[in-house]
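Contents: one structure, followed by commentary.
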Amino acid sequence: MNNLWKKRLNLYLKRMIKYYRYVFNDHFVIALLFLLGGISYTYSNFIKSLNVDLSYPWAKPVVIIVLLVMLQFGKVGTLIDEPDKVFLLPQEKGMREYLMKAQKRAWVSNSVIQIVVWIVLLPFIYYGIHLNLVESIILLLGQVALKVAQVNLFFIRAFEAKYQAGKYSLILNYVVPLIIYMLGLYASIYFALGITVGLILYLKSLPKNKIIQWNYLIDVEKLRLMRKYSFFNLFTDVPQVKKKAKRRKYLDWLIPKFKNVYGYLFIRAIIRNGEYSGLYIRLTVIEFIVLLFIPKFWLSLVIGMLFIYLIGFQMLPLYKYFDDNVFVHLYPLETNSKGKEFKSILLALLIINALISAIAVYIAIQNILLSGAFLALVLVESILFVYGYANLRLEKS
């Protein structure tokens, strides 16, 4: 079983690396660097505005909420597939060793996430709630211990069907951590750590003389992988993700009366296909939230321009969306109007994004002239992108 785990883990990592190459392409990495730079700059200025000698009543609730939210990040990967409940059933006793390998990997990977969050939160912990380094480390140990307890509960569920009820997830994922955080920050950090350690000791080992709940493990692993594949599918085609079109009749009012068939088809594809509409909405929402926390005009402008380029670039594959549809080739359509209609729709999407981002910039900097300058510049970039870069790409395709 040890060799089986190593073999599956190697294949899984190779598959993930292959898809991550598409995710972290040049465009996304550049945008990500600017995003992290903007967030870091804003966070740094916020920390500098705090005074270590003052008390902030709202600081402890903020830390509790952040820790509670980040505790939910990180899933357990067992790499168990549908055929295993048939072909590995005779080796069920040996599967305990296999699951222990998966458990140890989950401990490490999930603990790393919590450590990174703690490092980012450390300046606010010192200036906001005034914990010293020793107390901050104890807070980290408690956070990691809670995550380890969550992982342990998952593997107990793999043998005990009664623990698969949603109430156990609610209690251990939210109620218990909330109580421990409140005890640690409002009473004694050492007492809270002691409770957390006791929780781990209670959930320390896998149940003995119990059969594996194969269907539970398979369903959870399918859901975990599908979430990853859905994310990768935003950047490249993933065979495991089957594209589904939704009617969305309630959005018909968004479709104007086009004289050209291609204009109607492109708008309809955006509305019905979650790959394009979801991508556009997510990027726009992320941009809006990021711009809200950036008080500097020049940095907001750089991020706004990057998102215009990123959204436009990700929408370009829509141009070939109907190339495999035989009826498009049979019906007598004007081929010259295809590019014209696509560019007009793409420009409209970028203009809407520019208007929304300009609102976020105005909220952040409270200056109508700078917000207007931001809007004008991103609109110019949108026009140059559509009738410059996109036009060249479409001519070559």
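Residues in the structure tokens are named by chain (A, B, ... in the order shown) and by number from 1 within that chain; ligands are numbered from 1 in the order shown.
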> In stretch 121-317 of chain A, what's helix (DSSP H, G or I) per DSSP? Answer as a ChimeraX atom specification?
Replying inline: /A:121-128,133-157,161-164,166-186,189-202,214-232,249-254,261-272,274-292,297-317
Report as JSON lines: every residue of stretch 140-217 of chain A with an atom at most 8 Å from stretch 61-77 of chain A, its closest pair of atoms, and their distance in Å to one decimal, counting only C-alpha atoms, with rows sorted by chain and ascending residue number.
{"residue": "A:Gln143", "atom": "CA", "partner": "A:Leu71", "partner_atom": "CA", "distance": 7.5}
{"residue": "A:Leu146", "atom": "CA", "partner": "A:Leu71", "partner_atom": "CA", "distance": 7.9}
{"residue": "A:Lys147", "atom": "CA", "partner": "A:Leu71", "partner_atom": "CA", "distance": 6.5}
{"residue": "A:Val151", "atom": "CA", "partner": "A:Val76", "partner_atom": "CA", "distance": 6.9}
{"residue": "A:Phe154", "atom": "CA", "partner": "A:Val76", "partner_atom": "CA", "distance": 7.8}
{"residue": "A:Asn173", "atom": "CA", "partner": "A:Gln72", "partner_atom": "CA", "distance": 7.1}
{"residue": "A:Tyr174", "atom": "CA", "partner": "A:Leu68", "partner_atom": "CA", "distance": 7.0}
{"residue": "A:Pro177", "atom": "CA", "partner": "A:Leu68", "partner_atom": "CA", "distance": 6.9}
{"residue": "A:Leu178", "atom": "CA", "partner": "A:Leu68", "partner_atom": "CA", "distance": 7.0}
{"residue": "A:Tyr181", "atom": "CA", "partner": "A:Ile64", "partner_atom": "CA", "distance": 6.2}
{"residue": "A:Met182", "atom": "CA", "partner": "A:Ile64", "partner_atom": "CA", "distance": 7.6}
With N, CA, C and O atoms retained, could you export that selection as a PDB file, in the first residue's frame?
ATOM      1  N   GLN A 143      -3.767  27.258  16.217  1.00  0.00           N
ATOM      2  CA  GLN A 143      -4.377  27.245  14.887  1.00  0.00           C
ATOM      3  C   GLN A 143      -4.011  25.970  14.134  1.00  0.00           C
ATOM      4  O   GLN A 143      -4.862  25.324  13.516  1.00  0.00           O
ATOM      5  N   LEU A 146      -5.836  22.987  15.644  1.00  0.00           N
ATOM      6  CA  LEU A 146      -7.232  22.903  15.213  1.00  0.00           C
ATOM      7  C   LEU A 146      -7.347  22.303  13.822  1.00  0.00           C
ATOM      8  O   LEU A 146      -8.257  21.510  13.538  1.00  0.00           O
ATOM      9  N   LYS A 147      -6.425  22.679  12.935  1.00  0.00           N
ATOM     10  CA  LYS A 147      -6.457  22.133  11.575  1.00  0.00           C
ATOM     11  C   LYS A 147      -6.135  20.638  11.593  1.00  0.00           C
ATOM     12  O   LYS A 147      -6.744  19.861  10.848  1.00  0.00           O
ATOM     13  N   VAL A 151      -8.437  17.476  10.222  1.00  0.00           N
ATOM     14  CA  VAL A 151      -7.943  16.387   9.364  1.00  0.00           C
ATOM     15  C   VAL A 151      -8.215  15.036  10.011  1.00  0.00           C
ATOM     16  O   VAL A 151      -8.660  14.091   9.348  1.00  0.00           O
ATOM     17  N   PHE A 154     -11.746  13.942   9.643  1.00  0.00           N
ATOM     18  CA  PHE A 154     -12.038  13.448   8.290  1.00  0.00           C
ATOM     19  C   PHE A 154     -11.738  11.955   8.185  1.00  0.00           C
ATOM     20  O   PHE A 154     -12.535  11.185   7.628  1.00  0.00           O
ATOM     21  N   ASN A 173     -15.676  22.680  12.866  1.00  0.00           N
ATOM     22  CA  ASN A 173     -15.137  23.684  11.947  1.00  0.00           C
ATOM     23  C   ASN A 173     -15.427  25.119  12.372  1.00  0.00           C
ATOM     24  O   ASN A 173     -14.668  26.026  12.025  1.00  0.00           O
ATOM     25  N   TYR A 174     -16.511  25.313  13.116  1.00  0.00           N
ATOM     26  CA  TYR A 174     -16.905  26.683  13.444  1.00  0.00           C
ATOM     27  C   TYR A 174     -17.111  26.923  14.937  1.00  0.00           C
ATOM     28  O   TYR A 174     -16.534  27.866  15.502  1.00  0.00           O
ATOM     29  N   PRO A 177     -13.737  26.075  17.234  1.00  0.00           N
ATOM     30  CA  PRO A 177     -12.686  27.086  17.036  1.00  0.00           C
ATOM     31  C   PRO A 177     -13.079  28.465  17.551  1.00  0.00           C
ATOM     32  O   PRO A 177     -12.239  29.172  18.124  1.00  0.00           O
ATOM     33  N   LEU A 178     -14.341  28.848  17.350  1.00  0.00           N
ATOM     34  CA  LEU A 178     -14.792  30.158  17.823  1.00  0.00           C
ATOM     35  C   LEU A 178     -14.671  30.267  19.334  1.00  0.00           C
ATOM     36  O   LEU A 178     -14.197  31.285  19.864  1.00  0.00           O
ATOM     37  N   TYR A 181     -10.904  30.476  20.202  1.00  0.00           N
ATOM     38  CA  TYR A 181     -10.350  31.801  19.893  1.00  0.00           C
ATOM     39  C   TYR A 181     -10.759  32.828  20.944  1.00  0.00           C
ATOM     40  O   TYR A 181      -9.936  33.648  21.384  1.00  0.00           O
ATOM     41  N   MET A 182     -12.017  32.800  21.333  1.00  0.00           N
ATOM     42  CA  MET A 182     -12.509  33.770  22.321  1.00  0.00           C
ATOM     43  C   MET A 182     -11.851  33.556  23.682  1.00  0.00           C
ATOM     44  O   MET A 182     -11.481  34.510  24.366  1.00  0.00           O
TER      45      MET A 182
END
Find the spatial neighbours of A:Val134, counting only C-alpha atoms, within a cut-off of 12 Å - ignore same-chain residues fewer than 4 positions away - and output them as a PDB file with all heavy atoms, in the first residue's frame.
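Contents of out-v4.pdb, as written:
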ATOM      1  N   LEU A 122       0.780  38.403  11.550  1.00  0.00           N
ATOM      2  CA  LEU A 122       1.613  38.681  12.719  1.00  0.00           C
ATOM      3  C   LEU A 122       1.761  40.179  13.039  1.00  0.00           C
ATOM      4  O   LEU A 122       1.637  40.566  14.216  1.00  0.00           O
ATOM      5  CB  LEU A 122       2.990  38.040  12.535  1.00  0.00           C
ATOM      6  CG  LEU A 122       3.934  38.076  13.750  1.00  0.00           C
ATOM      7  CD1 LEU A 122       3.274  37.404  14.957  1.00  0.00           C
ATOM      8  CD2 LEU A 122       5.259  37.397  13.414  1.00  0.00           C
ATOM      9  N   ILE A 125      -1.356  41.270  14.689  1.00  0.00           N
ATOM     10  CA  ILE A 125      -1.480  40.669  16.024  1.00  0.00           C
ATOM     11  C   ILE A 125      -0.683  41.480  17.041  1.00  0.00           C
ATOM     12  O   ILE A 125      -1.136  41.694  18.177  1.00  0.00           O
ATOM     13  CB  ILE A 125      -0.992  39.202  15.986  1.00  0.00           C
ATOM     14  CG1 ILE A 125      -1.962  38.342  15.158  1.00  0.00           C
ATOM     15  CG2 ILE A 125      -0.873  38.639  17.398  1.00  0.00           C
ATOM     16  CD1 ILE A 125      -1.484  36.928  14.944  1.00  0.00           C
ATOM     17  N   TYR A 126       0.491  41.960  16.630  1.00  0.00           N
ATOM     18  CA  TYR A 126       1.335  42.727  17.556  1.00  0.00           C
ATOM     19  C   TYR A 126       0.777  44.135  17.785  1.00  0.00           C
ATOM     20  O   TYR A 126       0.628  44.572  18.935  1.00  0.00           O
ATOM     21  CB  TYR A 126       2.755  42.801  17.010  1.00  0.00           C
ATOM     22  CG  TYR A 126       3.684  43.646  17.857  1.00  0.00           C
ATOM     23  CD1 TYR A 126       4.146  43.184  19.089  1.00  0.00           C
ATOM     24  CD2 TYR A 126       4.076  44.911  17.433  1.00  0.00           C
ATOM     25  CE1 TYR A 126       4.989  43.959  19.880  1.00  0.00           C
ATOM     26  CE2 TYR A 126       4.922  45.696  18.211  1.00  0.00           C
ATOM     27  CZ  TYR A 126       5.370  45.219  19.425  1.00  0.00           C
ATOM     28  OH  TYR A 126       6.205  45.991  20.197  1.00  0.00           O
ATOM     29  N   HIS A 130      -1.887  43.347  20.552  1.00  0.00           N
ATOM     30  CA  HIS A 130      -0.777  43.480  21.505  1.00  0.00           C
ATOM     31  C   HIS A 130      -0.340  42.154  22.121  1.00  0.00           C
ATOM     32  O   HIS A 130      -0.069  42.080  23.331  1.00  0.00           O
ATOM     33  CB  HIS A 130      -1.137  44.477  22.618  1.00  0.00           C
ATOM     34  CG  HIS A 130      -1.712  45.764  22.108  1.00  0.00           C
ATOM     35  ND1 HIS A 130      -1.127  46.489  21.082  1.00  0.00           N
ATOM     36  CD2 HIS A 130      -2.836  46.454  22.452  1.00  0.00           C
ATOM     37  CE1 HIS A 130      -1.845  47.564  20.836  1.00  0.00           C
ATOM     38  NE2 HIS A 130      -2.896  47.573  21.641  1.00  0.00           N
ATOM     39  N   ILE A 138       2.138  30.723  20.367  1.00  0.00           N
ATOM     40  CA  ILE A 138       1.133  29.836  20.970  1.00  0.00           C
ATOM     41  C   ILE A 138      -0.178  29.904  20.176  1.00  0.00           C
ATOM     42  O   ILE A 138      -0.852  28.889  19.974  1.00  0.00           O
ATOM     43  CB  ILE A 138       0.911  30.214  22.445  1.00  0.00           C
ATOM     44  CG1 ILE A 138       2.168  29.898  23.262  1.00  0.00           C
ATOM     45  CG2 ILE A 138      -0.302  29.479  23.020  1.00  0.00           C
ATOM     46  CD1 ILE A 138       2.104  30.355  24.697  1.00  0.00           C
ATOM     47  N   LEU A 139      -0.537  31.103  19.727  1.00  0.00           N
ATOM     48  CA  LEU A 139      -1.727  31.248  18.877  1.00  0.00           C
ATOM     49  C   LEU A 139      -1.573  30.446  17.590  1.00  0.00           C
ATOM     50  O   LEU A 139      -2.521  29.795  17.132  1.00  0.00           O
ATOM     51  CB  LEU A 139      -1.955  32.724  18.558  1.00  0.00           C
ATOM     52  CG  LEU A 139      -3.185  33.060  17.696  1.00  0.00           C
ATOM     53  CD1 LEU A 139      -4.469  32.705  18.447  1.00  0.00           C
ATOM     54  CD2 LEU A 139      -3.186  34.541  17.316  1.00  0.00           C
ATOM     55  N   LEU A 140      -0.365  30.476  17.012  1.00  0.00           N
ATOM     56  CA  LEU A 140      -0.096  29.682  15.808  1.00  0.00           C
ATOM     57  C   LEU A 140      -0.217  28.192  16.091  1.00  0.00           C
ATOM     58  O   LEU A 140      -0.831  27.446  15.312  1.00  0.00           O
ATOM     59  CB  LEU A 140       1.308  30.002  15.283  1.00  0.00           C
ATOM     60  CG  LEU A 140       1.831  29.067  14.189  1.00  0.00           C
ATOM     61  CD1 LEU A 140       0.980  29.164  12.934  1.00  0.00           C
ATOM     62  CD2 LEU A 140       3.292  29.366  13.869  1.00  0.00           C
ATOM     63  N   LEU A 141       0.359  27.749  17.210  1.00  0.00           N
ATOM     64  CA  LEU A 141       0.275  26.323  17.561  1.00  0.00           C
ATOM     65  C   LEU A 141      -1.176  25.891  17.730  1.00  0.00           C
ATOM     66  O   LEU A 141      -1.557  24.789  17.311  1.00  0.00           O
ATOM     67  CB  LEU A 141       1.060  26.067  18.855  1.00  0.00           C
ATOM     68  CG  LEU A 141       2.586  26.263  18.772  1.00  0.00           C
ATOM     69  CD1 LEU A 141       3.218  26.072  20.143  1.00  0.00           C
ATOM     70  CD2 LEU A 141       3.192  25.308  17.753  1.00  0.00           C
ATOM     71  N   ILE A 189      -4.453  32.568  26.662  1.00  0.00           N
ATOM     72  CA  ILE A 189      -3.995  31.898  25.451  1.00  0.00           C
ATOM     73  C   ILE A 189      -3.485  30.500  25.753  1.00  0.00           C
ATOM     74  O   ILE A 189      -3.604  29.583  24.949  1.00  0.00           O
ATOM     75  CB  ILE A 189      -2.896  32.755  24.766  1.00  0.00           C
ATOM     76  CG1 ILE A 189      -2.625  32.247  23.340  1.00  0.00           C
ATOM     77  CG2 ILE A 189      -1.622  32.772  25.577  1.00  0.00           C
ATOM     78  CD1 ILE A 189      -3.694  32.593  22.360  1.00  0.00           C
ATOM     79  N   TYR A 190      -2.934  30.303  26.977  1.00  0.00           N
ATOM     80  CA  TYR A 190      -2.405  28.990  27.370  1.00  0.00           C
ATOM     81  C   TYR A 190      -3.547  28.003  27.629  1.00  0.00           C
ATOM     82  O   TYR A 190      -3.449  26.819  27.286  1.00  0.00           O
ATOM     83  CB  TYR A 190      -1.535  29.140  28.633  1.00  0.00           C
ATOM     84  CG  TYR A 190      -0.385  30.093  28.442  1.00  0.00           C
ATOM     85  CD1 TYR A 190      -0.480  31.426  28.862  1.00  0.00           C
ATOM     86  CD2 TYR A 190       0.798  29.678  27.841  1.00  0.00           C
ATOM     87  CE1 TYR A 190       0.576  32.306  28.694  1.00  0.00           C
ATOM     88  CE2 TYR A 190       1.863  30.558  27.667  1.00  0.00           C
ATOM     89  CZ  TYR A 190       1.736  31.862  28.088  1.00  0.00           C
ATOM     90  OH  TYR A 190       2.786  32.735  27.910  1.00  0.00           O
TER      91      TYR A 190
END
Contact residues around A:Asp84 with only C-alpha atoms at 12 Å, ignoring same-chain residues under 4 positions, as a PDB file with N, CA, C and O atoms, in the first residue's frame:
ATOM      1  N   LEU A   4       1.610   1.922  -3.555  1.00  0.00           N
ATOM      2  CA  LEU A   4       0.420   2.413  -4.244  1.00  0.00           C
ATOM      3  C   LEU A   4       0.227   3.902  -3.966  1.00  0.00           C
ATOM      4  O   LEU A   4      -0.079   4.687  -4.886  1.00  0.00           O
ATOM      5  N   THR A  78      -7.190  12.029  -0.675  1.00  0.00           N
ATOM      6  CA  THR A  78      -6.929  10.597  -0.483  1.00  0.00           C
ATOM      7  C   THR A  78      -6.573   9.887  -1.780  1.00  0.00           C
ATOM      8  O   THR A  78      -6.053   8.765  -1.757  1.00  0.00           O
ATOM      9  N   LEU A  79      -6.867  10.524  -2.932  1.00  0.00           N
ATOM     10  CA  LEU A  79      -6.562   9.960  -4.257  1.00  0.00           C
ATOM     11  C   LEU A  79      -7.236   8.611  -4.469  1.00  0.00           C
ATOM     12  O   LEU A  79      -6.728   7.743  -5.183  1.00  0.00           O
ATOM     13  N   ILE A  80      -8.384   8.432  -3.828  1.00  0.00           N
ATOM     14  CA  ILE A  80      -9.156   7.195  -3.992  1.00  0.00           C
ATOM     15  C   ILE A  80     -10.166   7.381  -5.114  1.00  0.00           C
ATOM     16  O   ILE A  80     -10.857   8.407  -5.175  1.00  0.00           O
ATOM     17  N   LEU A  88      -9.772  -2.889  -4.528  1.00  0.00           N
ATOM     18  CA  LEU A  88      -8.987  -2.819  -3.293  1.00  0.00           C
ATOM     19  C   LEU A  88      -9.739  -3.374  -2.086  1.00  0.00           C
ATOM     20  O   LEU A  88      -9.210  -3.357  -0.971  1.00  0.00           O
ATOM     21  N   LEU A  89     -10.947  -3.846  -2.307  1.00  0.00           N
ATOM     22  CA  LEU A  89     -11.728  -4.382  -1.190  1.00  0.00           C
ATOM     23  C   LEU A  89     -11.030  -5.558  -0.504  1.00  0.00           C
ATOM     24  O   LEU A  89     -11.032  -5.638   0.726  1.00  0.00           O
ATOM     25  N   PRO A  90     -10.404  -6.484  -1.248  1.00  0.00           N
ATOM     26  CA  PRO A  90      -9.686  -7.576  -0.557  1.00  0.00           C
ATOM     27  C   PRO A  90      -8.498  -7.089   0.271  1.00  0.00           C
ATOM     28  O   PRO A  90      -8.033  -7.790   1.168  1.00  0.00           O
ATOM     29  N   GLN A  91      -7.975  -5.890  -0.034  1.00  0.00           N
ATOM     30  CA  GLN A  91      -6.837  -5.331   0.694  1.00  0.00           C
ATOM     31  C   GLN A  91      -7.273  -4.270   1.712  1.00  0.00           C
ATOM     32  O   GLN A  91      -6.500  -3.370   2.045  1.00  0.00           O
ATOM     33  N   GLU A  92      -8.493  -4.404   2.205  1.00  0.00           N
ATOM     34  CA  GLU A  92      -9.031  -3.349   3.060  1.00  0.00           C
ATOM     35  C   GLU A  92      -8.224  -3.166   4.337  1.00  0.00           C
ATOM     36  O   GLU A  92      -8.060  -2.042   4.828  1.00  0.00           O
ATOM     37  N   MET A  95      -5.384  -0.949   3.685  1.00  0.00           N
ATOM     38  CA  MET A  95      -5.743   0.427   3.360  1.00  0.00           C
ATOM     39  C   MET A  95      -5.548   1.380   4.536  1.00  0.00           C
ATOM     40  O   MET A  95      -5.453   2.591   4.355  1.00  0.00           O
ATOM     41  N   ILE A 212     -14.111   0.359   5.983  1.00  0.00           N
ATOM     42  CA  ILE A 212     -13.941   1.650   5.326  1.00  0.00           C
ATOM     43  C   ILE A 212     -15.240   2.070   4.645  1.00  0.00           C
ATOM     44  O   ILE A 212     -15.903   1.260   3.990  1.00  0.00           O
ATOM     45  N   GLN A 213     -15.582   3.329   4.788  1.00  0.00           N
ATOM     46  CA  GLN A 213     -16.750   3.900   4.117  1.00  0.00           C
ATOM     47  C   GLN A 213     -16.317   4.358   2.716  1.00  0.00           C
ATOM     48  O   GLN A 213     -15.989   5.522   2.482  1.00  0.00           O
ATOM     49  N   TRP A 214     -16.292   3.423   1.795  1.00  0.00           N
ATOM     50  CA  TRP A 214     -15.744   3.689   0.465  1.00  0.00           C
ATOM     51  C   TRP A 214     -16.497   4.790  -0.263  1.00  0.00           C
ATOM     52  O   TRP A 214     -15.880   5.669  -0.876  1.00  0.00           O
ATOM     53  N   ASN A 215     -17.800   4.745  -0.225  1.00  0.00           N
ATOM     54  CA  ASN A 215     -18.591   5.742  -0.963  1.00  0.00           C
ATOM     55  C   ASN A 215     -18.321   7.157  -0.456  1.00  0.00           C
ATOM     56  O   ASN A 215     -18.267   8.109  -1.242  1.00  0.00           O
ATOM     57  N   LEU A 217     -15.474   8.300   0.960  1.00  0.00           N
ATOM     58  CA  LEU A 217     -14.153   8.713   0.506  1.00  0.00           C
ATOM     59  C   LEU A 217     -14.147   9.055  -0.979  1.00  0.00           C
ATOM     60  O   LEU A 217     -13.526  10.027  -1.417  1.00  0.00           O
ATOM     61  N   ILE A 218     -14.853   8.257  -1.774  1.00  0.00           N
ATOM     62  CA  ILE A 218     -14.898   8.491  -3.220  1.00  0.00           C
ATOM     63  C   ILE A 218     -15.625   9.789  -3.540  1.00  0.00           C
ATOM     64  O   ILE A 218     -15.165  10.591  -4.360  1.00  0.00           O
TER      65      ILE A 218
END
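Here atom CA of A:Thr42 and atom CA of A:Ile352 stand 25.8 Å from one another.
The coordinates place atom CA of A:Glu341 at 12.8 Å from atom CA of A:Arg268.
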Can you build me a table of stretch 91-170 of chain A residues sitting at most 8 Å from stretch 46-57 of chain A, with the closest atom pair per residue and its distance in Å to one decimal, using only C-alpha atoms, sorted by chain and residue number, as JSON lines?
{"residue": "A:Pro123", "atom": "CA", "partner": "A:Ile47", "partner_atom": "CA", "distance": 7.0}
{"residue": "A:Phe124", "atom": "CA", "partner": "A:Ile47", "partner_atom": "CA", "distance": 6.5}
{"residue": "A:Tyr126", "atom": "CA", "partner": "A:Val52", "partner_atom": "CA", "distance": 7.5}
{"residue": "A:Tyr127", "atom": "CA", "partner": "A:Val52", "partner_atom": "CA", "distance": 4.7}
{"residue": "A:Gly128", "atom": "CA", "partner": "A:Tyr56", "partner_atom": "CA", "distance": 6.3}
{"residue": "A:Ile129", "atom": "CA", "partner": "A:Tyr56", "partner_atom": "CA", "distance": 7.1}
{"residue": "A:His130", "atom": "CA", "partner": "A:Val52", "partner_atom": "CA", "distance": 6.8}
Written file, previous selection with C-alpha atoms, as a CSV table (one decimal), in the first residue's frame:
chain,number,residue,atom,x,y,z
A,123,PRO,CA,2.1,42.5,12.4
A,124,PHE,CA,-1.6,43.1,13.1
A,126,TYR,CA,1.3,42.7,17.6
A,127,TYR,CA,0.0,46.2,16.9
A,128,GLY,CA,-3.7,45.5,17.0
A,129,ILE,CA,-4.2,43.0,19.9
A,130,HIS,CA,-0.8,43.5,21.5
> For A:Leu318, which of A:Leu350, A:Ile303, A:Ile281, A:Ile270 is the closest residue, counting only C-alpha atoms?
Replying inline: A:Ile270
>> Need the shell around stretch 291-298 of chain A: protein/DNA/RNA residues with any atom at most 9 Å away, counting only C-alpha atoms. Skip same-chain ones fewer than 3 positions apart. Format as a ChimeraX atom specification?
In response: /A:38-39,41-43,286-288,301-304,357-366,370-371,374
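The coordinates place atom CA of A:Glu135 at 12.8 Å from atom CA of A:Tyr186.
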> Excluding same-chain residues fewer than 4 positions from A:Ala161, what lies within 9 Å of it counting only C-alpha atoms, as a PyMOL selection string?
Replying inline: chain A and resi 156-157+165+213+216
Using the selection just defined, write its residues with N, CA, C and O atoms as a PDB file, in the first residue's frame.
ATOM      1  N   ILE A 156     -11.490   9.810  10.639  1.00  0.00           N
ATOM      2  CA  ILE A 156     -12.407   9.046  11.493  1.00  0.00           C
ATOM      3  C   ILE A 156     -13.718   8.807  10.751  1.00  0.00           C
ATOM      4  O   ILE A 156     -14.325   7.730  10.837  1.00  0.00           O
ATOM      5  N   ARG A 157     -14.162   9.807   9.993  1.00  0.00           N
ATOM      6  CA  ARG A 157     -15.369   9.641   9.183  1.00  0.00           C
ATOM      7  C   ARG A 157     -15.215   8.537   8.151  1.00  0.00           C
ATOM      8  O   ARG A 157     -16.199   7.936   7.706  1.00  0.00           O
ATOM      9  N   ALA A 165     -22.305  13.119   9.623  1.00  0.00           N
ATOM     10  CA  ALA A 165     -23.412  14.089   9.716  1.00  0.00           C
ATOM     11  C   ALA A 165     -22.864  15.514   9.712  1.00  0.00           C
ATOM     12  O   ALA A 165     -21.775  15.793  10.223  1.00  0.00           O
ATOM     13  N   GLN A 213     -15.582   3.329   4.788  1.00  0.00           N
ATOM     14  CA  GLN A 213     -16.750   3.900   4.117  1.00  0.00           C
ATOM     15  C   GLN A 213     -16.317   4.358   2.716  1.00  0.00           C
ATOM     16  O   GLN A 213     -15.989   5.522   2.482  1.00  0.00           O
ATOM     17  N   TYR A 216     -18.147   7.297   0.850  1.00  0.00           N
ATOM     18  CA  TYR A 216     -17.856   8.612   1.419  1.00  0.00           C
ATOM     19  C   TYR A 216     -16.513   9.135   0.903  1.00  0.00           C
ATOM     20  O   TYR A 216     -16.410  10.287   0.461  1.00  0.00           O
TER      21      TYR A 216
END
